[in-house]
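Participant: My questions will all concern the structure given below.
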Amino acid sequence: MNIRSPRHRLLAAVLVAIASVNASAQAPYHLVKRITTGGEGGWDYLAVEPSTHRLFVSRGSHVQVIDVDRDSMIADIGDTPGVHGIAFASALGRGFTSNGRDSTVTIFDLETLATISRVKVTGRNPDAILFDSASGRVFTFNGGSANATAIDAATGTVVGTVSLTGKPETGQSDGKGTIFVNIETKNEIIAFDARTLAVKSHITLPGCDEPTGMAIDRAKSRLYVGCGGNKTMAIVDYLKGALLTTVAVGEGVDANAFDPSSGLSFASGGDGTLAVVREDAPRHFAVSMVPTVRGARTMTLDPRTHRVYLSSAQYGVAPAPTAERPNPRPPMVPGSFTILVFEP
């Protein structure tokens with residue numbers, strides 16, 4: 001359209017402004033606050049414990065505990081060397097951390113946060129960890145040994161090992177006795193029985209390189225898988241063992257989440273994006289990209305409030321490369337570790 005008159009130019013400007021406001025209003029999620037906890041160490045998984053409304057944040061050798069109703073750090077669980085993930089058996093009043101450096105699981109009291117015991121797993125470098133209510137077991141996915149360890153959550157006793165075909169990443173439970181785990185080096189999902197520990201099936205993931213994060217929609221029998229190698233989310237029907245479709249998300253996706261109330265799924269990327277995915281028609285998914293900050297790859301969702309939590313920090317200048325360290329990482333600015341809080 002060739003707009004020539006001042007009135008037409010003014011009308012066009014107004015329409016553009018209205019469109020901009022409407023687009024902003026329709027943004028699915030936005031940043032509402034930052035919680036700066038500081039502290040030393042890197043980080044990995046975050047997890048919200050629903051009965052206490054606490055956010056647990058792994059920090060390399062300790063776990064920071066945040067009261068999400070007051071947005072303040074209330075405790076620090078120490079002596080969790082190389083901690084990756086946190087899982088909860090809320091009915092038992094127990095929490096669990098996977099400690100990659102010494103290949104153990106720390107069992108702690110959910111109320112007092114005091115350590116109950118340490119359990120040696122049957123593999124190396126336990127990474128992701130989950131509690132399965134159907135079997136009453138905790139499972140660690142051991143990245144250094146291509147297997148998974150099953151632990152009785154009530155007794156802390158190791159009850160078995162599942163051999164896997166490659167490096168495991170995140171796992172999920174269907175709540176009925178089946179565990180799903182990404183195999184990053186094989187571009188597949190393995191399903192196994194939580195009680196017998198027998199492998200039930202392999203689900204191939206064409207178009208999904210390096211599957212990392214995983215979220216589950218039990219109502220629709222779906223898995224949402226972050227593909228860290230090619231900026232993709234894979235959507236899988238786990239009853240049929242088939243890939244439904246893939247959608248484009250941010251670069252360096254590491255974590256996924258699903259909100260049962262809204263039906264939204266999420267993928268956090270290291271490029272500073274949060275992909276919010278909505279099914280707007282059967283098997284047709286729309287993706288909204290919400291800006292975060294670069295490096296905010298780890299994420300969790302609180303289904304009670306629908307808030308999404310991401311972790312990040314500020315970095316200084318990387319040291320000069322050496323023969324021993326050809327690609328040195330920049331140092332984290334002391335005290336800059338922060339939780340980013342997004343909500344609809």
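The chains in the structure tokens are called A, B, ... from first to last as shown; in each chain the residues are counted from 1, and the ligands are counted from 1 in the order shown.
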Tell me, as a PDB file with C-alpha atoms, in the first residue's frame, which residues lie within 8 Å of region 90-102 of chain A, counting only C-alpha atoms; anything in the same chain fewer than 3 positions away does not count.

Facilitator:
ATOM      1  CA  GLU A  49       9.217 -30.065  45.620  1.00  0.00           C
ATOM      2  CA  SER A  51       4.572 -30.369  49.260  1.00  0.00           C
ATOM      3  CA  THR A  80      26.968 -33.518  47.515  1.00  0.00           C
ATOM      4  CA  PRO A  81      30.116 -33.803  45.352  1.00  0.00           C
ATOM      5  CA  GLY A  82      29.440 -33.269  41.668  1.00  0.00           C
ATOM      6  CA  VAL A  83      25.687 -33.034  42.237  1.00  0.00           C
ATOM      7  CA  HIS A  84      23.550 -33.117  39.097  1.00  0.00           C
ATOM      8  CA  GLY A  85      19.900 -33.821  39.885  1.00  0.00           C
ATOM      9  CA  ILE A  86      17.365 -33.839  42.706  1.00  0.00           C
ATOM     10  CA  ALA A  87      14.338 -36.111  43.117  1.00  0.00           C
ATOM     11  CA  VAL A 105      23.127 -40.734  45.990  1.00  0.00           C
ATOM     12  CA  THR A 106      22.527 -38.553  49.032  1.00  0.00           C
ATOM     13  CA  ILE A 107      19.249 -39.260  50.800  1.00  0.00           C
ATOM     14  CA  PHE A 108      17.981 -36.339  52.900  1.00  0.00           C
ATOM     15  CA  ASP A 109      14.998 -35.489  55.076  1.00  0.00           C
ATOM     16  CA  LEU A 110      12.580 -33.180  53.268  1.00  0.00           C
ATOM     17  CA  GLU A 111      11.550 -31.359  56.437  1.00  0.00           C
ATOM     18  CA  ARG A 124      29.781 -44.015  37.199  1.00  0.00           C
ATOM     19  CA  ASN A 125      28.734 -40.374  37.226  1.00  0.00           C
ATOM     20  CA  PRO A 126      25.005 -40.548  38.035  1.00  0.00           C
ATOM     21  CA  ASP A 127      23.437 -37.589  36.246  1.00  0.00           C
ATOM     22  CA  ALA A 128      19.641 -37.358  35.998  1.00  0.00           C
ATOM     23  CA  ILE A 129      17.596 -38.886  38.822  1.00  0.00           C
ATOM     24  CA  THR A 140      19.835 -42.729  38.581  1.00  0.00           C
ATOM     25  CA  ALA A 153      13.339 -45.198  48.183  1.00  0.00           C
ATOM     26  CA  ALA A 154      12.136 -46.349  51.609  1.00  0.00           C
TER      27      ALA A 154
END

Participant: Which residues of region 174-264 of chain A sit at most 12 Å from region 278-287 of chain A, using only C-alpha atoms? Give each one's shortest atom pair and distance in Å (one decimal place), in chain and ascending residue order, as a Markdown table.

Facilitator:
| residue | atom | partner | partner_atom | distance |
| --- | --- | --- | --- | --- |
| A:Lys220 | CA | A:Pro282 | CA | 11.5 |
| A:Arg222 | CA | A:Arg283 | CA | 11.4 |
| A:Tyr224 | CA | A:Arg278 | CA | 11.7 |
| A:Thr232 | CA | A:Val287 | CA | 11.1 |
| A:Met233 | CA | A:Val287 | CA | 10.3 |
| A:Ala234 | CA | A:Phe285 | CA | 11.2 |
| A:Ile235 | CA | A:Arg283 | CA | 9.2 |
| A:Val236 | CA | A:Arg283 | CA | 10.7 |
| A:Asp237 | CA | A:Arg283 | CA | 10.8 |
| A:Leu243 | CA | A:Arg283 | CA | 11.0 |
| A:Leu244 | CA | A:Arg283 | CA | 7.2 |
| A:Thr245 | CA | A:Arg283 | CA | 7.5 |
| A:Thr246 | CA | A:Phe285 | CA | 9.0 |
| A:Val247 | CA | A:Phe285 | CA | 7.4 |
| A:Ala248 | CA | A:Val287 | CA | 7.7 |
| A:Val249 | CA | A:Val287 | CA | 7.6 |
| A:Gly250 | CA | A:Val287 | CA | 10.4 |
| A:Phe258 | CA | A:Arg278 | CA | 10.4 |
| A:Asp259 | CA | A:Arg278 | CA | 10.6 |
| A:Pro260 | CA | A:Arg278 | CA | 11.8 |
| A:Ser262 | CA | A:Arg278 | CA | 8.9 |
| A:Gly263 | CA | A:Arg278 | CA | 6.9 |
| A:Leu264 | CA | A:Arg278 | CA | 5.2 |

Participant: Can you write just those residues out, N, CA and C atoms, as an mmCIF file, in the first residue's frame?

Facilitator:
data_model
loop_
_atom_site.group_PDB
_atom_site.id
_atom_site.type_symbol
_atom_site.label_atom_id
_atom_site.label_comp_id
_atom_site.auth_asym_id
_atom_site.auth_seq_id
_atom_site.Cartn_x
_atom_site.Cartn_y
_atom_site.Cartn_z
ATOM 1 N N LYS A 220 -1.958 -37.534 27.486
ATOM 2 C CA LYS A 220 -1.931 -37.798 26.052
ATOM 3 C C LYS A 220 -0.862 -38.809 25.655
ATOM 4 N N ARG A 222 2.482 -38.669 25.828
ATOM 5 C CA ARG A 222 3.499 -38.045 24.998
ATOM 6 C C ARG A 222 4.750 -37.729 25.791
ATOM 7 N N TYR A 224 8.078 -35.036 25.421
ATOM 8 C CA TYR A 224 8.638 -33.860 24.759
ATOM 9 C C TYR A 224 10.138 -33.887 25.001
ATOM 10 N N THR A 232 15.976 -28.564 18.121
ATOM 11 C CA THR A 232 14.703 -29.210 17.810
ATOM 12 C C THR A 232 14.079 -29.767 19.079
ATOM 13 N N MET A 233 12.741 -29.791 19.121
ATOM 14 C CA MET A 233 12.016 -30.565 20.113
ATOM 15 C C MET A 233 11.285 -31.697 19.390
ATOM 16 N N ALA A 234 11.477 -32.917 19.862
ATOM 17 C CA ALA A 234 10.781 -34.068 19.302
ATOM 18 C C ALA A 234 9.575 -34.391 20.170
ATOM 19 N N ILE A 235 8.442 -34.638 19.540
ATOM 20 C CA ILE A 235 7.213 -34.970 20.250
ATOM 21 C C ILE A 235 6.860 -36.411 19.913
ATOM 22 N N VAL A 236 6.794 -37.247 20.960
ATOM 23 C CA VAL A 236 6.736 -38.701 20.788
ATOM 24 C C VAL A 236 5.465 -39.258 21.426
ATOM 25 N N ASP A 237 4.786 -40.157 20.721
ATOM 26 C CA ASP A 237 3.694 -40.954 21.288
ATOM 27 C C ASP A 237 4.329 -42.197 21.899
ATOM 28 N N LEU A 243 7.572 -41.328 16.729
ATOM 29 C CA LEU A 243 7.752 -39.883 16.669
ATOM 30 C C LEU A 243 6.559 -39.272 15.956
ATOM 31 N N LEU A 244 5.895 -38.291 16.602
ATOM 32 C CA LEU A 244 4.759 -37.611 15.984
ATOM 33 C C LEU A 244 5.224 -36.494 15.064
ATOM 34 N N THR A 245 6.115 -35.642 15.590
ATOM 35 C CA THR A 245 6.617 -34.527 14.803
ATOM 36 C C THR A 245 7.797 -33.903 15.532
ATOM 37 N N THR A 246 8.434 -32.952 14.873
ATOM 38 C CA THR A 246 9.473 -32.145 15.505
ATOM 39 C C THR A 246 9.156 -30.676 15.259
ATOM 40 N N VAL A 247 9.583 -29.819 16.192
ATOM 41 C CA VAL A 247 9.427 -28.375 16.026
ATOM 42 C C VAL A 247 10.766 -27.717 16.322
ATOM 43 N N ALA A 248 10.977 -26.556 15.736
ATOM 44 C CA ALA A 248 12.221 -25.820 15.929
ATOM 45 C C ALA A 248 12.178 -25.059 17.253
ATOM 46 N N VAL A 249 13.263 -25.159 18.039
ATOM 47 C CA VAL A 249 13.406 -24.419 19.294
ATOM 48 C C VAL A 249 14.784 -23.754 19.286
ATOM 49 N N GLY A 250 15.231 -23.282 20.456
ATOM 50 C CA GLY A 250 16.491 -22.567 20.513
ATOM 51 C C GLY A 250 17.706 -23.472 20.428
ATOM 52 N N PHE A 258 6.700 -29.665 31.098
ATOM 53 C CA PHE A 258 5.320 -29.721 30.597
ATOM 54 C C PHE A 258 4.393 -29.316 31.721
ATOM 55 N N ASP A 259 3.416 -28.460 31.398
ATOM 56 C CA ASP A 259 2.421 -28.003 32.365
ATOM 57 C C ASP A 259 1.092 -28.689 32.058
ATOM 58 N N PRO A 260 0.649 -29.634 32.896
ATOM 59 C CA PRO A 260 -0.586 -30.368 32.603
ATOM 60 C C PRO A 260 -1.820 -29.471 32.538
ATOM 61 N N SER A 262 -2.119 -26.159 31.555
ATOM 62 C CA SER A 262 -2.195 -25.330 30.359
ATOM 63 C C SER A 262 -1.968 -26.114 29.072
ATOM 64 N N GLY A 263 -1.351 -27.283 29.186
ATOM 65 C CA GLY A 263 -1.009 -28.053 28.008
ATOM 66 C C GLY A 263 0.204 -27.525 27.268
ATOM 67 N N LEU A 264 0.932 -26.579 27.874
ATOM 68 C CA LEU A 264 2.115 -26.014 27.246
ATOM 69 C C LEU A 264 3.343 -26.854 27.564
#

Participant: Quick one: DSSP helix (DSSP H, G or I) residues in region 10-213 of chain A, as a ChimeraX atom specification?

Facilitator: /A:10-25,90-92

Participant: Can those selected residues be exported to a file as an mmCIF file, in the first residue's frame so that it contains N, CA and C atoms?

Facilitator:
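The result, written out as selection_19.cif:
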data_model
loop_
_atom_site.group_PDB
_atom_site.id
_atom_site.type_symbol
_atom_site.label_atom_id
_atom_site.label_comp_id
_atom_site.auth_asym_id
_atom_site.auth_seq_id
_atom_site.Cartn_x
_atom_site.Cartn_y
_atom_site.Cartn_z
ATOM 1 N N LEU A 10 -0.561 8.645 9.908
ATOM 2 C CA LEU A 10 -0.888 8.592 11.335
ATOM 3 C C LEU A 10 -1.692 7.342 11.658
ATOM 4 N N LEU A 11 -2.683 7.044 10.808
ATOM 5 C CA LEU A 11 -3.496 5.848 11.028
ATOM 6 C C LEU A 11 -2.634 4.592 10.983
ATOM 7 N N ALA A 12 -1.699 4.551 10.052
ATOM 8 C CA ALA A 12 -0.809 3.386 9.958
ATOM 9 C C ALA A 12 0.033 3.243 11.210
ATOM 10 N N ALA A 13 0.557 4.365 11.730
ATOM 11 C CA ALA A 13 1.372 4.325 12.941
ATOM 12 C C ALA A 13 0.565 3.818 14.126
ATOM 13 N N VAL A 14 -0.700 4.273 14.223
ATOM 14 C CA VAL A 14 -1.566 3.814 15.320
ATOM 15 C C VAL A 14 -1.807 2.317 15.227
ATOM 16 N N LEU A 15 -2.081 1.841 13.999
ATOM 17 C CA LEU A 15 -2.330 0.402 13.823
ATOM 18 C C LEU A 15 -1.101 -0.426 14.169
ATOM 19 N N VAL A 16 0.082 0.063 13.784
ATOM 20 C CA VAL A 16 1.321 -0.636 14.136
ATOM 21 C C VAL A 16 1.490 -0.676 15.646
ATOM 22 N N ALA A 17 1.211 0.425 16.323
ATOM 23 C CA ALA A 17 1.343 0.469 17.784
ATOM 24 C C ALA A 17 0.389 -0.489 18.453
ATOM 25 N N ILE A 18 -0.863 -0.516 17.957
ATOM 26 C CA ILE A 18 -1.847 -1.443 18.530
ATOM 27 C C ILE A 18 -1.406 -2.885 18.330
ATOM 28 N N ALA A 19 -0.905 -3.172 17.116
ATOM 29 C CA ALA A 19 -0.428 -4.535 16.852
ATOM 30 C C ALA A 19 0.711 -4.894 17.774
ATOM 31 N N SER A 20 1.609 -3.936 18.024
ATOM 32 C CA SER A 20 2.739 -4.187 18.917
ATOM 33 C C SER A 20 2.267 -4.476 20.326
ATOM 34 N N VAL A 21 1.290 -3.694 20.825
ATOM 35 C CA VAL A 21 0.750 -3.916 22.166
ATOM 36 C C VAL A 21 0.080 -5.268 22.265
ATOM 37 N N ASN A 22 -0.714 -5.605 21.211
ATOM 38 C CA ASN A 22 -1.392 -6.902 21.236
ATOM 39 C C ASN A 22 -0.404 -8.046 21.221
ATOM 40 N N ALA A 23 0.675 -7.909 20.432
ATOM 41 C CA ALA A 23 1.690 -8.966 20.379
ATOM 42 C C ALA A 23 2.336 -9.134 21.733
ATOM 43 N N SER A 24 2.619 -8.004 22.410
ATOM 44 C CA SER A 24 3.220 -8.075 23.736
ATOM 45 C C SER A 24 2.285 -8.728 24.721
ATOM 46 N N ALA A 25 0.985 -8.356 24.617
ATOM 47 C CA ALA A 25 0.011 -8.912 25.559
ATOM 48 C C ALA A 25 -0.152 -10.404 25.372
ATOM 49 N N SER A 90 7.881 -37.550 48.127
ATOM 50 C CA SER A 90 7.233 -36.660 49.091
ATOM 51 C C SER A 90 6.461 -37.424 50.158
ATOM 52 N N ALA A 91 5.796 -38.503 49.789
ATOM 53 C CA ALA A 91 5.026 -39.278 50.752
ATOM 54 C C ALA A 91 5.921 -39.913 51.812
ATOM 55 N N LEU A 92 7.168 -40.155 51.465
ATOM 56 C CA LEU A 92 8.126 -40.728 52.406
ATOM 57 C C LEU A 92 8.904 -39.650 53.159
#

Participant: Measuring atom to atom with only C-alpha atoms, identify which of A:Val290, A:Leu340, A:Ile77, A:Val32 is nearest to Ser311 (chain A).

Facilitator: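 Once distances to Ser311 (chain A) are computed over only C-alpha atoms, the minimum belongs to A:Leu340.
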
Participant: Skip Val293 (chain A) itself and residues of its chain fewer than 5 positions away, then list as a JSON list (two decimals) with C-alpha atoms, in the first residue's frame all residues within 10 Å of it, counting only C-alpha atoms.

Facilitator:
[["chain", "number", "residue", "atom", "x", "y", "z"],
["A", 269, "GLY", "CA", 18.20, -23.03, 25.20],
["A", 270, "GLY", "CA", 21.69, -21.85, 25.98],
["A", 271, "ASP", "CA", 21.31, -19.18, 23.31],
["A", 272, "GLY", "CA", 19.05, -17.20, 25.66],
["A", 273, "THR", "CA", 15.63, -18.46, 24.57],
["A", 274, "LEU", "CA", 12.71, -20.24, 26.18],
["A", 310, "LEU", "CA", 15.84, -20.86, 34.95],
["A", 311, "SER", "CA", 19.38, -20.49, 36.29],
["A", 312, "SER", "CA", 22.13, -18.23, 35.04],
["A", 313, "ALA", "CA", 25.15, -16.15, 36.05],
["A", 314, "GLN", "CA", 27.43, -13.44, 34.74],
["A", 340, "LEU", "CA", 15.19, -16.14, 36.62]]

Participant: In Å, how far is it from CA of Gly78 (chain A) to CA of Glu40 (chain A)?

Facilitator: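 Separation between CA of Gly78 (chain A) and CA of Glu40 (chain A): 11.9 Å.
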
Participant: Which residue is closest to Thr157 (chain A)? Choose from A:Gly143, A:Lys120, A:Phe192, A:Met332 and count only C-alpha atoms.

Facilitator: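 Closest candidate: A:Lys120.
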
Participant: If you run DSSP on the backbone, which residues of region 52-118 of chain A are strand (DSSP E or B), as a PyMOL selection string?

Facilitator: chain A and resi 54-58+60+63-67+72-77+83-89+94-99+104-109+115-118

Participant: In Å, rounded to a single decimal, give me how far CA of Thr322 (chain A) is from CA of Gly144 (chain A).

Facilitator: 26.9 Å

Participant: From the set A:Ile116, A:Ala255, A:Ile216, A:Val199, which residue has the shortest atom-to-atom contact distance to Ala296 (chain A), counting only C-alpha atoms?

Facilitator: A:Ala255

Participant: Need the shell around region 160-171 of chain A: protein/DNA/RNA residues with any atom at most 7 Å away, counting only C-alpha atoms. Skip same-chain ones fewer than 4 positions apart. Format as a list in words?

Facilitator: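 The residues satisfying every condition are Thr122, Ala128, Leu130, Phe141, Asn142, Gly143, Ala146, Asn147, Ala148, Thr149, Ala150, Ile179, Phe180, Val181, Asn182, Ile183, Glu184, Thr185, Lys186, Leu197, Thr212, Gly213 and Met214 of chain A.
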